[in-house]
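Next comes data12.txt, a file with compact mmCIF, C-alpha atoms.
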# COMPACT_ATOMS: atom_id res chain seq x y z
CA MET A 557 15.29 -85.43 -53.30
CA GLY A 558 15.44 -81.74 -54.03
CA GLU A 559 17.85 -79.12 -55.25
CA THR A 560 20.33 -76.87 -53.46
CA THR A 561 18.53 -74.59 -50.99
CA VAL A 562 19.64 -71.37 -49.27
CA LEU A 563 18.10 -70.64 -45.86
CA PRO A 564 18.77 -68.37 -42.88
CA ALA A 565 21.14 -70.27 -40.56
CA ASP A 566 18.64 -70.15 -37.69
CA HIS A 567 15.66 -71.31 -39.77
CA ALA A 568 13.87 -74.33 -38.26
CA GLU A 569 14.02 -76.12 -41.59
CA VAL A 570 17.83 -76.24 -41.47
CA ALA A 571 17.86 -78.70 -38.56
CA ALA A 572 15.11 -80.75 -40.14
CA ARG A 573 16.97 -81.04 -43.42
CA LEU A 574 20.25 -81.91 -41.70
CA ASP A 575 18.41 -84.68 -39.82
CA ALA A 576 17.11 -85.91 -43.16
CA GLY A 577 20.64 -86.21 -44.56
CA TRP A 578 21.10 -82.85 -46.24
CA ARG A 579 24.52 -81.24 -45.83
CA ILE A 580 25.77 -77.68 -45.53
CA THR A 581 27.82 -76.93 -48.63
CA ALA A 582 28.49 -73.22 -48.04
CA ARG A 583 27.93 -70.41 -45.55
CA SER A 584 27.29 -66.75 -46.32
CA TRP A 585 26.35 -63.58 -44.47
CA ALA A 586 24.92 -60.09 -44.79
CA ALA A 587 25.86 -56.91 -42.94
CA GLN A 588 24.72 -53.33 -42.51
CA LEU A 589 26.34 -49.95 -42.04
CA ASP A 590 24.03 -47.16 -40.92
CA ALA A 591 24.69 -43.80 -42.56
CA ALA A 592 24.51 -42.08 -39.19
CA HIS A 593 27.40 -44.20 -37.89
CA VAL A 594 29.84 -43.90 -40.80
CA ASP A 595 33.34 -42.88 -39.68
CA ARG A 596 34.11 -40.51 -42.57
CA PRO A 597 37.75 -39.80 -41.63
CA ARG A 598 38.47 -43.52 -41.39
CA LEU A 599 36.91 -44.23 -44.77
CA THR A 600 38.75 -41.30 -46.32
CA ALA A 601 42.01 -42.71 -44.96
CA LEU A 602 41.23 -46.11 -46.51
CA VAL A 603 40.88 -44.41 -49.89
CA ASP A 604 43.94 -42.19 -49.51
CA ARG A 605 46.31 -44.92 -48.35
CA ILE A 606 46.46 -46.62 -51.76
CA ALA A 607 47.73 -43.47 -53.55
CA PRO A 608 49.01 -42.95 -56.22
CA VAL A 609 46.21 -45.31 -57.25
CA VAL A 610 43.18 -43.11 -57.97
CA VAL A 611 39.79 -44.13 -56.60
CA ARG A 612 36.81 -42.58 -58.36
CA GLU A 613 33.34 -43.19 -59.68
CA LEU A 614 33.27 -45.13 -62.94
CA GLY A 615 31.33 -44.06 -66.02
CA THR A 616 30.59 -45.19 -69.54
CA ALA A 617 34.11 -44.26 -70.64
CA ASP A 618 35.39 -47.02 -68.33
CA LEU A 619 33.24 -49.80 -69.82
CA ASP A 620 36.04 -51.59 -71.68
CA ALA A 621 38.24 -51.64 -68.57
CA VAL A 622 35.33 -52.86 -66.42
CA LEU A 623 34.56 -55.70 -68.82
CA ARG A 624 38.23 -56.71 -69.00
CA LEU A 625 38.55 -56.88 -65.21
CA ASP A 626 35.25 -58.73 -64.91
CA ALA A 627 36.28 -61.32 -67.50
CA ALA A 628 39.60 -61.86 -65.74
CA THR A 629 37.98 -62.38 -62.32
CA VAL A 630 34.54 -63.88 -63.05
CA HIS A 631 35.59 -67.29 -61.66
CA ASP A 632 37.25 -65.89 -58.52
CA TYR A 633 34.15 -65.48 -56.34
CA PRO A 634 34.17 -68.01 -53.49
CA GLY A 635 31.11 -69.67 -52.03
CA SER A 636 28.12 -71.21 -53.74
CA VAL A 637 24.79 -70.16 -55.25
CA ALA A 638 24.19 -67.46 -52.62
CA THR A 639 27.34 -65.57 -53.61
CA GLN A 640 27.59 -66.33 -57.32
CA HIS A 641 28.59 -63.61 -59.75
CA THR A 642 27.16 -63.45 -63.24
CA ALA A 643 29.52 -62.16 -65.90
CA LEU A 644 28.80 -58.57 -66.85
CA THR A 645 27.46 -57.58 -70.24
CA ARG A 646 27.89 -54.14 -71.75
CA SER A 647 24.40 -53.34 -70.51
CA SER A 648 24.83 -54.59 -66.93
CA ALA A 649 28.27 -52.94 -66.72
CA THR A 650 26.89 -49.53 -67.66
CA PRO A 651 26.40 -47.36 -64.55
CA THR A 652 23.06 -45.63 -64.02
CA ALA A 653 21.54 -43.46 -61.30
CA ALA A 654 20.29 -46.65 -59.64
CA ARG A 655 23.45 -48.71 -60.25
CA ARG A 656 26.64 -46.89 -59.38
CA ALA A 657 30.20 -48.12 -59.84
CA PHE A 658 33.51 -47.14 -58.25
CA GLY A 659 37.00 -48.20 -59.24
CA ALA A 660 40.68 -47.99 -58.37
CA LEU A 661 42.94 -47.08 -61.28
CA THR A 662 46.68 -46.77 -61.65
CA PRO A 663 48.04 -43.42 -62.90
CA ASP A 664 48.20 -44.92 -66.40
CA GLY A 665 44.56 -46.00 -66.28
CA GLU A 666 44.70 -49.71 -65.44
CA LEU A 667 41.60 -50.75 -63.46
CA LEU A 668 42.73 -52.72 -60.40
CA GLY A 669 39.45 -53.14 -58.54
CA MET A 670 35.81 -52.12 -58.59
CA THR A 671 32.57 -52.26 -56.69
CA PHE A 672 29.04 -51.95 -58.05
CA VAL A 673 26.16 -50.90 -55.82
CA ASP A 674 22.40 -50.73 -56.31
CA VAL A 675 20.53 -47.73 -54.91
CA GLU A 676 16.96 -48.55 -53.90
CA GLY A 677 15.21 -45.73 -52.05
CA ASP A 678 17.02 -45.19 -48.75
CA THR A 679 19.16 -48.32 -49.05
CA VAL A 680 22.40 -48.98 -50.95
CA GLU A 681 23.11 -52.67 -51.60
CA THR A 682 26.52 -53.87 -52.78
CA ALA A 683 26.14 -55.98 -55.92
CA PHE A 684 29.77 -57.13 -55.97
CA THR A 685 33.33 -56.04 -55.24
CA VAL A 686 36.36 -57.51 -56.98
CA VAL A 687 40.11 -56.85 -57.22
CA ASP A 688 42.57 -58.02 -59.87
CA GLY A 689 44.35 -61.14 -58.66
CA THR A 690 47.83 -59.57 -58.70
CA HIS A 691 46.77 -56.62 -56.53
CA ARG A 692 44.86 -58.32 -53.72
CA GLY A 693 45.89 -57.71 -50.12
CA ALA A 694 46.88 -54.08 -50.76
CA GLY A 695 43.69 -52.39 -49.57
CA VAL A 696 42.15 -51.89 -53.01
CA GLY A 697 38.87 -53.61 -52.11
CA GLN A 698 38.55 -51.56 -48.94
CA ALA A 699 39.28 -48.37 -50.85
CA VAL A 700 36.62 -48.86 -53.53
CA LYS A 701 33.99 -49.87 -50.98
CA ALA A 702 34.89 -46.85 -48.82
CA ALA A 703 34.69 -44.53 -51.83
CA SER A 704 31.22 -45.80 -52.69
CA VAL A 705 29.96 -45.19 -49.15
CA LEU A 706 31.47 -41.70 -48.99
CA ALA A 707 29.99 -40.70 -52.35
CA LEU A 708 26.52 -42.01 -51.57
CA LEU A 709 26.46 -40.37 -48.14
CA GLU A 710 26.03 -37.13 -50.06
CA ASP A 711 22.52 -38.30 -50.93
CA ASP A 712 20.46 -37.31 -47.89
CA ALA A 713 17.92 -40.02 -48.72
CA VAL A 714 20.40 -42.84 -48.03
CA VAL A 715 20.14 -44.19 -44.49
CA ARG A 716 21.76 -47.61 -44.73
CA PHE A 717 24.33 -49.60 -46.68
CA ARG A 718 23.98 -53.38 -47.11
CA THR A 719 26.59 -55.89 -48.19
CA GLY A 720 27.40 -59.57 -47.86
CA GLY A 721 29.55 -62.41 -49.02
CA SER A 722 30.88 -65.89 -48.49
CA ASP A 723 32.40 -67.17 -45.26
CA ASP A 724 35.17 -68.48 -47.50
CA ASN A 725 36.22 -64.94 -48.46
CA PRO A 726 38.35 -63.50 -45.65
CA ALA A 727 39.32 -60.47 -47.75
CA ILE A 728 35.77 -59.16 -48.08
CA ILE A 729 35.05 -59.98 -44.44
CA ALA A 730 38.06 -57.86 -43.42
CA ALA A 731 37.10 -55.07 -45.82
CA CYS A 732 33.58 -54.82 -44.44
CA ALA A 733 34.83 -54.86 -40.86
CA ALA A 734 37.29 -52.06 -41.68
CA LEU A 735 34.42 -49.91 -42.98
CA GLY A 736 32.29 -50.53 -39.89
CA TYR A 737 29.71 -52.94 -41.29
CA ARG A 738 28.07 -55.19 -38.69
CA ARG A 739 26.89 -58.69 -39.55
CA ASP A 740 23.20 -59.18 -38.97
CA GLU A 741 22.34 -62.22 -41.10
CA GLU A 742 23.86 -65.68 -41.49
CA TRP A 743 22.84 -68.04 -44.29
CA VAL A 744 23.57 -71.66 -45.16
CA THR A 745 23.48 -73.40 -48.52
CA LEU A 746 22.17 -76.94 -48.20
CA GLY A 747 22.80 -79.74 -50.66
CA PRO A 748 20.41 -82.69 -50.91
CA PRO A 749 21.30 -86.10 -49.52
CA ALA A 750 23.47 -88.28 -51.71
CA THR A 751 21.42 -90.70 -53.77
CA VAL A 752 21.64 -94.27 -52.47
CA ARG A 753 21.81 -96.76 -55.29
CA SER A 754 19.81 -99.95 -54.83
CA ARG A 755 21.38 -103.28 -55.73

Could you render the structure as C-alpha cells?
Amino acid sequence: MGETTVLPADHAEVAARLDAGWRITARSWAAQLDAAHVDRPRLTALVDRIAPVVVRELGTADLDAVLRLDAATVHDYPGSVATQHTALTRSSATPTAARRAFGALTPDGELLGMTFVDVEGDTVETAFTVVDGTHRGAGVGQAVKAASVLALLEDDAVVRFRTGGSDDNPAIIAACAALGYRRDEEWVTLGPPATVRSR
C-alpha cells in the first residue's frame, strides 16, 4: 500500500498515515545559519584547534584522496532515504564554482574528513560531511564545516547556510550546534503498513 514517504513532521498527512498503520522509520532535520550571525572567531577556533591537521579547500589535485575517503565511508551515513549518500564518481567529486569542497589533511597529506557544499545564488547548502572512522570525535567534522562557512562568507552574495541530517547522527547535530546553526525543519520517513497475509 505505497512506498516509503518523507514528509514534514507537522504535515497533516503524517497523522493520517500513522492512523492507517504506517510507521515512522527515521527522523531527519534541516537547519540554517544566517551569514549576518556567524561568529567568525568561534569558527576560526574550531578550525585551529585540530592543528597540525591542515584544513583547506580541496581541488582537482585531491580527487584520488576524496574518492578513497568516500569509498571507505559510503556506508556510514545514518538514517534513511532522506539522508542517503550516493557514492561519488570522479565527476561528482570534482569541485566547481557551484560545488565547493573542504577537507582536513594530516601533515603528510592523508585526508581525514571533508564537506561538500552547493552554492545556489545567495544560499549555500551542505551536500554532505564525513570523517574517517578512526578520527571521529576529534573535531574534524566541525573544522571542515567551519572552514567552508568562513571561506564562503567572503562572497558578499551569500546570506544563508543550510544543512541537515539524521536524528541518529549525534556527531553532525553537535557539529552544527557548535557552528551556530538553528534547526528550523523536522522531517519523518514513513514506511507503509506491513502486509497482512490472508489464510

Show me, as a tab-separated table, the residues of stretch 655-751 of chain A having an atom within 10 Å of stretch 615-631 of chain A, each with the closest atom pair and its distance in Å, using only C-alpha atoms.
residue	atom	partner	partner_atom	distance
A:Arg656	CA	A:Gly615	CA	8.6
A:Ala657	CA	A:Gly615	CA	7.5
A:Phe658	CA	A:Gly615	CA	8.6
A:Gly659	CA	A:Val622	CA	8.7
A:Leu661	CA	A:Ala621	CA	9.8
A:Gly665	CA	A:Ala621	CA	8.8
A:Glu666	CA	A:Ala621	CA	7.4
A:Leu667	CA	A:Ala621	CA	6.2
A:Leu668	CA	A:Leu625	CA	7.6
A:Gly669	CA	A:Leu625	CA	7.7
A:Met670	CA	A:Val622	CA	7.9
A:Val686	CA	A:Thr629	CA	7.4
A:Val687	CA	A:Thr629	CA	7.8
A:Asp688	CA	A:Leu625	CA	6.8
A:Gly689	CA	A:Thr629	CA	7.5

Counting all atoms listed in the file, give me one row per residue of stretch 703-727 of chain A with an atom at most 9 Å from an atom of stretch 578-588 of chain A, showing the shortest contact pair and its distance in Å to one decimal, sorted by chain then residue number, as a tab-separated table.
residue	atom	partner	partner_atom	distance
A:Arg716	CA	A:Gln588	CA	6.8
A:Phe717	CA	A:Gln588	CA	5.6
A:Arg718	CA	A:Gln588	CA	4.7
A:Thr719	CA	A:Ala587	CA	5.4
A:Gly720	CA	A:Ala586	CA	4.0
A:Gly721	CA	A:Ser584	CA	5.6
A:Ser722	CA	A:Ser584	CA	4.3
A:Asp723	CA	A:Ser584	CA	5.2
A:Asp724	CA	A:Arg583	CA	7.7

List the spatial neighbours of A:His593 as a list in words - criterion: any atom at most 10 Å away, only C-alpha atoms, same-chain residues fewer than 3 positions off excluded.
Leu589, Asp590, Arg596, Val715, Arg716, Gly736 and Tyr737 of chain A

Env of stretch 697-713 of chain A: 8 Å cut, atoms = all atoms listed in the file, seq-sep filter 3 positions within chain, self excluded. Answer as an NGL selection string.
:A and (591 or 596 or 599-600 or 602-604 or 606 or 611-613 or 657-660 or 669-671 or 673 or 677-678 or 685-687 or 692 or 717 or 728 or 731-732 or 734-735)

Just C-alpha atoms for this one: save the residues we selected as a PDB file, in the coordinates of the input.
ATOM      1  CA  ALA A 591      24.690 -43.800 -42.560  1.00  0.00           C
ATOM      2  CA  ARG A 596      34.110 -40.510 -42.570  1.00  0.00           C
ATOM      3  CA  LEU A 599      36.910 -44.230 -44.770  1.00  0.00           C
ATOM      4  CA  THR A 600      38.750 -41.300 -46.320  1.00  0.00           C
ATOM      5  CA  LEU A 602      41.230 -46.110 -46.510  1.00  0.00           C
ATOM      6  CA  VAL A 603      40.880 -44.410 -49.890  1.00  0.00           C
ATOM      7  CA  ASP A 604      43.940 -42.190 -49.510  1.00  0.00           C
ATOM      8  CA  ILE A 606      46.460 -46.620 -51.760  1.00  0.00           C
ATOM      9  CA  VAL A 611      39.790 -44.130 -56.600  1.00  0.00           C
ATOM     10  CA  ARG A 612      36.810 -42.580 -58.360  1.00  0.00           C
ATOM     11  CA  GLU A 613      33.340 -43.190 -59.680  1.00  0.00           C
ATOM     12  CA  ALA A 657      30.200 -48.120 -59.840  1.00  0.00           C
ATOM     13  CA  PHE A 658      33.510 -47.140 -58.250  1.00  0.00           C
ATOM     14  CA  GLY A 659      37.000 -48.200 -59.240  1.00  0.00           C
ATOM     15  CA  ALA A 660      40.680 -47.990 -58.370  1.00  0.00           C
ATOM     16  CA  GLY A 669      39.450 -53.140 -58.540  1.00  0.00           C
ATOM     17  CA  MET A 670      35.810 -52.120 -58.590  1.00  0.00           C
ATOM     18  CA  THR A 671      32.570 -52.260 -56.690  1.00  0.00           C
ATOM     19  CA  VAL A 673      26.160 -50.900 -55.820  1.00  0.00           C
ATOM     20  CA  GLY A 677      15.210 -45.730 -52.050  1.00  0.00           C
ATOM     21  CA  ASP A 678      17.020 -45.190 -48.750  1.00  0.00           C
ATOM     22  CA  THR A 685      33.330 -56.040 -55.240  1.00  0.00           C
ATOM     23  CA  VAL A 686      36.360 -57.510 -56.980  1.00  0.00           C
ATOM     24  CA  VAL A 687      40.110 -56.850 -57.220  1.00  0.00           C
ATOM     25  CA  ARG A 692      44.860 -58.320 -53.720  1.00  0.00           C
ATOM     26  CA  PHE A 717      24.330 -49.600 -46.680  1.00  0.00           C
ATOM     27  CA  ILE A 728      35.770 -59.160 -48.080  1.00  0.00           C
ATOM     28  CA  ALA A 731      37.100 -55.070 -45.820  1.00  0.00           C
ATOM     29  CA  CYS A 732      33.580 -54.820 -44.440  1.00  0.00           C
ATOM     30  CA  ALA A 734      37.290 -52.060 -41.680  1.00  0.00           C
ATOM     31  CA  LEU A 735      34.420 -49.910 -42.980  1.00  0.00           C
TER      32      LEU A 735
END

Return as JSON the centre and edge lengths, in Å with one decimal, of the box along x, y and z that encloses every atom of stretch 647-657 of chain A in the file, padded by 8 Å per side.
{"center_x": 25.2, "center_y": -49.0, "center_z": -64.9, "size_x": 25.9, "size_y": 27.1, "size_z": 27.1}

Give me, please, the distance in Å between atom CA of A:Ala571 and atom CA of A:Pro748, quoted to one decimal.
13.2 Å

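The space separating atom CA of A:Gly747 from atom CA of A:Gln640 comes to 15.7 Å.
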
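Atom pair atom CA of A:Ala638 / atom CA of A:Leu746: separated by 10.7 Å.
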
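For the set A:Ala649, A:Val675, A:Pro749, A:Val609, the residue with the smallest atom-to-atom gap to A:Val696 is A:Val609, counting only C-alpha atoms.
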
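Between A:Tyr633 and the residues A:Leu563, A:Ala727, A:Ala568, A:Ala653, the shortest atom-to-atom distance, using only C-alpha atoms, involves A:Ala727.
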
Could stretch 621-632 of chain A be completed with all heavy atoms and returned as a PDB file, in the frame of the given file?
ATOM      1  N   ALA A 621      37.399 -51.226 -69.693  1.00  0.00           N
ATOM      2  CA  ALA A 621      38.240 -51.640 -68.570  1.00  0.00           C
ATOM      3  C   ALA A 621      37.439 -52.481 -67.571  1.00  0.00           C
ATOM      4  O   ALA A 621      37.940 -53.481 -67.033  1.00  0.00           O
ATOM      5  CB  ALA A 621      38.827 -50.414 -67.872  1.00  0.00           C
ATOM      6  N   VAL A 622      36.193 -52.095 -67.331  1.00  0.00           N
ATOM      7  CA  VAL A 622      35.330 -52.860 -66.420  1.00  0.00           C
ATOM      8  C   VAL A 622      35.113 -54.268 -66.949  1.00  0.00           C
ATOM      9  O   VAL A 622      35.229 -55.257 -66.212  1.00  0.00           O
ATOM     10  CB  VAL A 622      33.973 -52.132 -66.235  1.00  0.00           C
ATOM     11  CG1 VAL A 622      32.941 -53.057 -65.585  1.00  0.00           C
ATOM     12  CG2 VAL A 622      34.167 -50.873 -65.407  1.00  0.00           C
ATOM     13  N   LEU A 623      34.818 -54.382 -68.230  1.00  0.00           N
ATOM     14  CA  LEU A 623      34.560 -55.700 -68.820  1.00  0.00           C
ATOM     15  C   LEU A 623      35.817 -56.566 -68.841  1.00  0.00           C
ATOM     16  O   LEU A 623      35.741 -57.780 -68.640  1.00  0.00           O
ATOM     17  CB  LEU A 623      33.983 -55.539 -70.225  1.00  0.00           C
ATOM     18  CG  LEU A 623      32.559 -54.971 -70.260  1.00  0.00           C
ATOM     19  CD1 LEU A 623      32.158 -54.613 -71.695  1.00  0.00           C
ATOM     20  CD2 LEU A 623      31.560 -55.945 -69.657  1.00  0.00           C
ATOM     21  N   ARG A 624      36.980 -55.947 -69.044  1.00  0.00           N
ATOM     22  CA  ARG A 624      38.230 -56.710 -69.000  1.00  0.00           C
ATOM     23  C   ARG A 624      38.480 -57.275 -67.608  1.00  0.00           C
ATOM     24  O   ARG A 624      38.813 -58.453 -67.448  1.00  0.00           O
ATOM     25  CB  ARG A 624      39.421 -55.834 -69.427  1.00  0.00           C
ATOM     26  CG  ARG A 624      39.608 -55.705 -70.928  1.00  0.00           C
ATOM     27  CD  ARG A 624      40.972 -55.139 -71.282  1.00  0.00           C
ATOM     28  NE  ARG A 624      41.203 -53.823 -70.692  1.00  0.00           N
ATOM     29  CZ  ARG A 624      40.854 -52.675 -71.264  1.00  0.00           C
ATOM     30  NH1 ARG A 624      40.235 -52.684 -72.435  1.00  0.00           N
ATOM     31  NH2 ARG A 624      41.120 -51.535 -70.679  1.00  0.00           N
ATOM     32  N   LEU A 625      38.316 -56.430 -66.584  1.00  0.00           N
ATOM     33  CA  LEU A 625      38.550 -56.880 -65.210  1.00  0.00           C
ATOM     34  C   LEU A 625      37.524 -57.946 -64.829  1.00  0.00           C
ATOM     35  O   LEU A 625      37.858 -58.948 -64.185  1.00  0.00           O
ATOM     36  CB  LEU A 625      38.490 -55.701 -64.234  1.00  0.00           C
ATOM     37  CG  LEU A 625      38.691 -56.043 -62.761  1.00  0.00           C
ATOM     38  CD1 LEU A 625      40.025 -56.753 -62.532  1.00  0.00           C
ATOM     39  CD2 LEU A 625      38.613 -54.778 -61.914  1.00  0.00           C
ATOM     40  N   ASP A 626      36.280 -57.748 -65.228  1.00  0.00           N
ATOM     41  CA  ASP A 626      35.250 -58.730 -64.910  1.00  0.00           C
ATOM     42  C   ASP A 626      35.560 -60.080 -65.553  1.00  0.00           C
ATOM     43  O   ASP A 626      35.446 -61.127 -64.909  1.00  0.00           O
ATOM     44  CB  ASP A 626      33.882 -58.228 -65.357  1.00  0.00           C
ATOM     45  CG  ASP A 626      32.762 -59.136 -64.900  1.00  0.00           C
ATOM     46  OD1 ASP A 626      32.551 -59.241 -63.670  1.00  0.00           O
ATOM     47  OD2 ASP A 626      32.101 -59.755 -65.759  1.00  0.00           O
ATOM     48  N   ALA A 627      35.961 -60.066 -66.806  1.00  0.00           N
ATOM     49  CA  ALA A 627      36.280 -61.320 -67.500  1.00  0.00           C
ATOM     50  C   ALA A 627      37.458 -62.040 -66.856  1.00  0.00           C
ATOM     51  O   ALA A 627      37.485 -63.274 -66.781  1.00  0.00           O
ATOM     52  CB  ALA A 627      36.575 -61.032 -68.980  1.00  0.00           C
ATOM     53  N   ALA A 628      38.415 -61.263 -66.356  1.00  0.00           N
ATOM     54  CA  ALA A 628      39.600 -61.860 -65.740  1.00  0.00           C
ATOM     55  C   ALA A 628      39.325 -62.433 -64.355  1.00  0.00           C
ATOM     56  O   ALA A 628      40.086 -63.270 -63.865  1.00  0.00           O
ATOM     57  CB  ALA A 628      40.713 -60.813 -65.649  1.00  0.00           C
ATOM     58  N   THR A 629      38.238 -61.989 -63.715  1.00  0.00           N
ATOM     59  CA  THR A 629      37.980 -62.380 -62.320  1.00  0.00           C
ATOM     60  C   THR A 629      36.655 -63.104 -62.121  1.00  0.00           C
ATOM     61  O   THR A 629      36.317 -63.446 -60.995  1.00  0.00           O
ATOM     62  CB  THR A 629      37.983 -61.135 -61.410  1.00  0.00           C
ATOM     63  OG1 THR A 629      36.981 -60.204 -61.876  1.00  0.00           O
ATOM     64  CG2 THR A 629      39.347 -60.457 -61.408  1.00  0.00           C
ATOM     65  N   VAL A 630      35.908 -63.368 -63.181  1.00  0.00           N
ATOM     66  CA  VAL A 630      34.540 -63.880 -63.050  1.00  0.00           C
ATOM     67  C   VAL A 630      34.492 -65.222 -62.308  1.00  0.00           C
ATOM     68  O   VAL A 630      33.485 -65.542 -61.674  1.00  0.00           O
ATOM     69  CB  VAL A 630      33.865 -63.988 -64.438  1.00  0.00           C
ATOM     70  CG1 VAL A 630      34.482 -65.094 -65.283  1.00  0.00           C
ATOM     71  CG2 VAL A 630      32.363 -64.164 -64.290  1.00  0.00           C
ATOM     72  N   HIS A 631      35.571 -65.988 -62.332  1.00  0.00           N
ATOM     73  CA  HIS A 631      35.590 -67.290 -61.660  1.00  0.00           C
ATOM     74  C   HIS A 631      36.235 -67.235 -60.276  1.00  0.00           C
ATOM     75  O   HIS A 631      36.459 -68.276 -59.655  1.00  0.00           O
ATOM     76  CB  HIS A 631      36.302 -68.319 -62.534  1.00  0.00           C
ATOM     77  CG  HIS A 631      35.632 -68.539 -63.860  1.00  0.00           C
ATOM     78  ND1 HIS A 631      34.353 -69.046 -63.982  1.00  0.00           N
ATOM     79  CD2 HIS A 631      36.057 -68.285 -65.128  1.00  0.00           C
ATOM     80  CE1 HIS A 631      34.023 -69.115 -65.255  1.00  0.00           C
ATOM     81  NE2 HIS A 631      35.031 -68.646 -65.977  1.00  0.00           N
ATOM     82  N   ASP A 632      36.518 -66.033 -59.782  1.00  0.00           N
ATOM     83  CA  ASP A 632      37.250 -65.890 -58.520  1.00  0.00           C
ATOM     84  C   ASP A 632      36.357 -65.746 -57.290  1.00  0.00           C
ATOM     85  O   ASP A 632      36.865 -65.634 -56.181  1.00  0.00           O
ATOM     86  CB  ASP A 632      38.187 -64.678 -58.584  1.00  0.00           C
ATOM     87  CG  ASP A 632      39.320 -64.881 -59.587  1.00  0.00           C
ATOM     88  OD1 ASP A 632      39.458 -66.001 -60.108  1.00  0.00           O
ATOM     89  OD2 ASP A 632      40.050 -63.906 -59.845  1.00  0.00           O
TER      90      ASP A 632
END
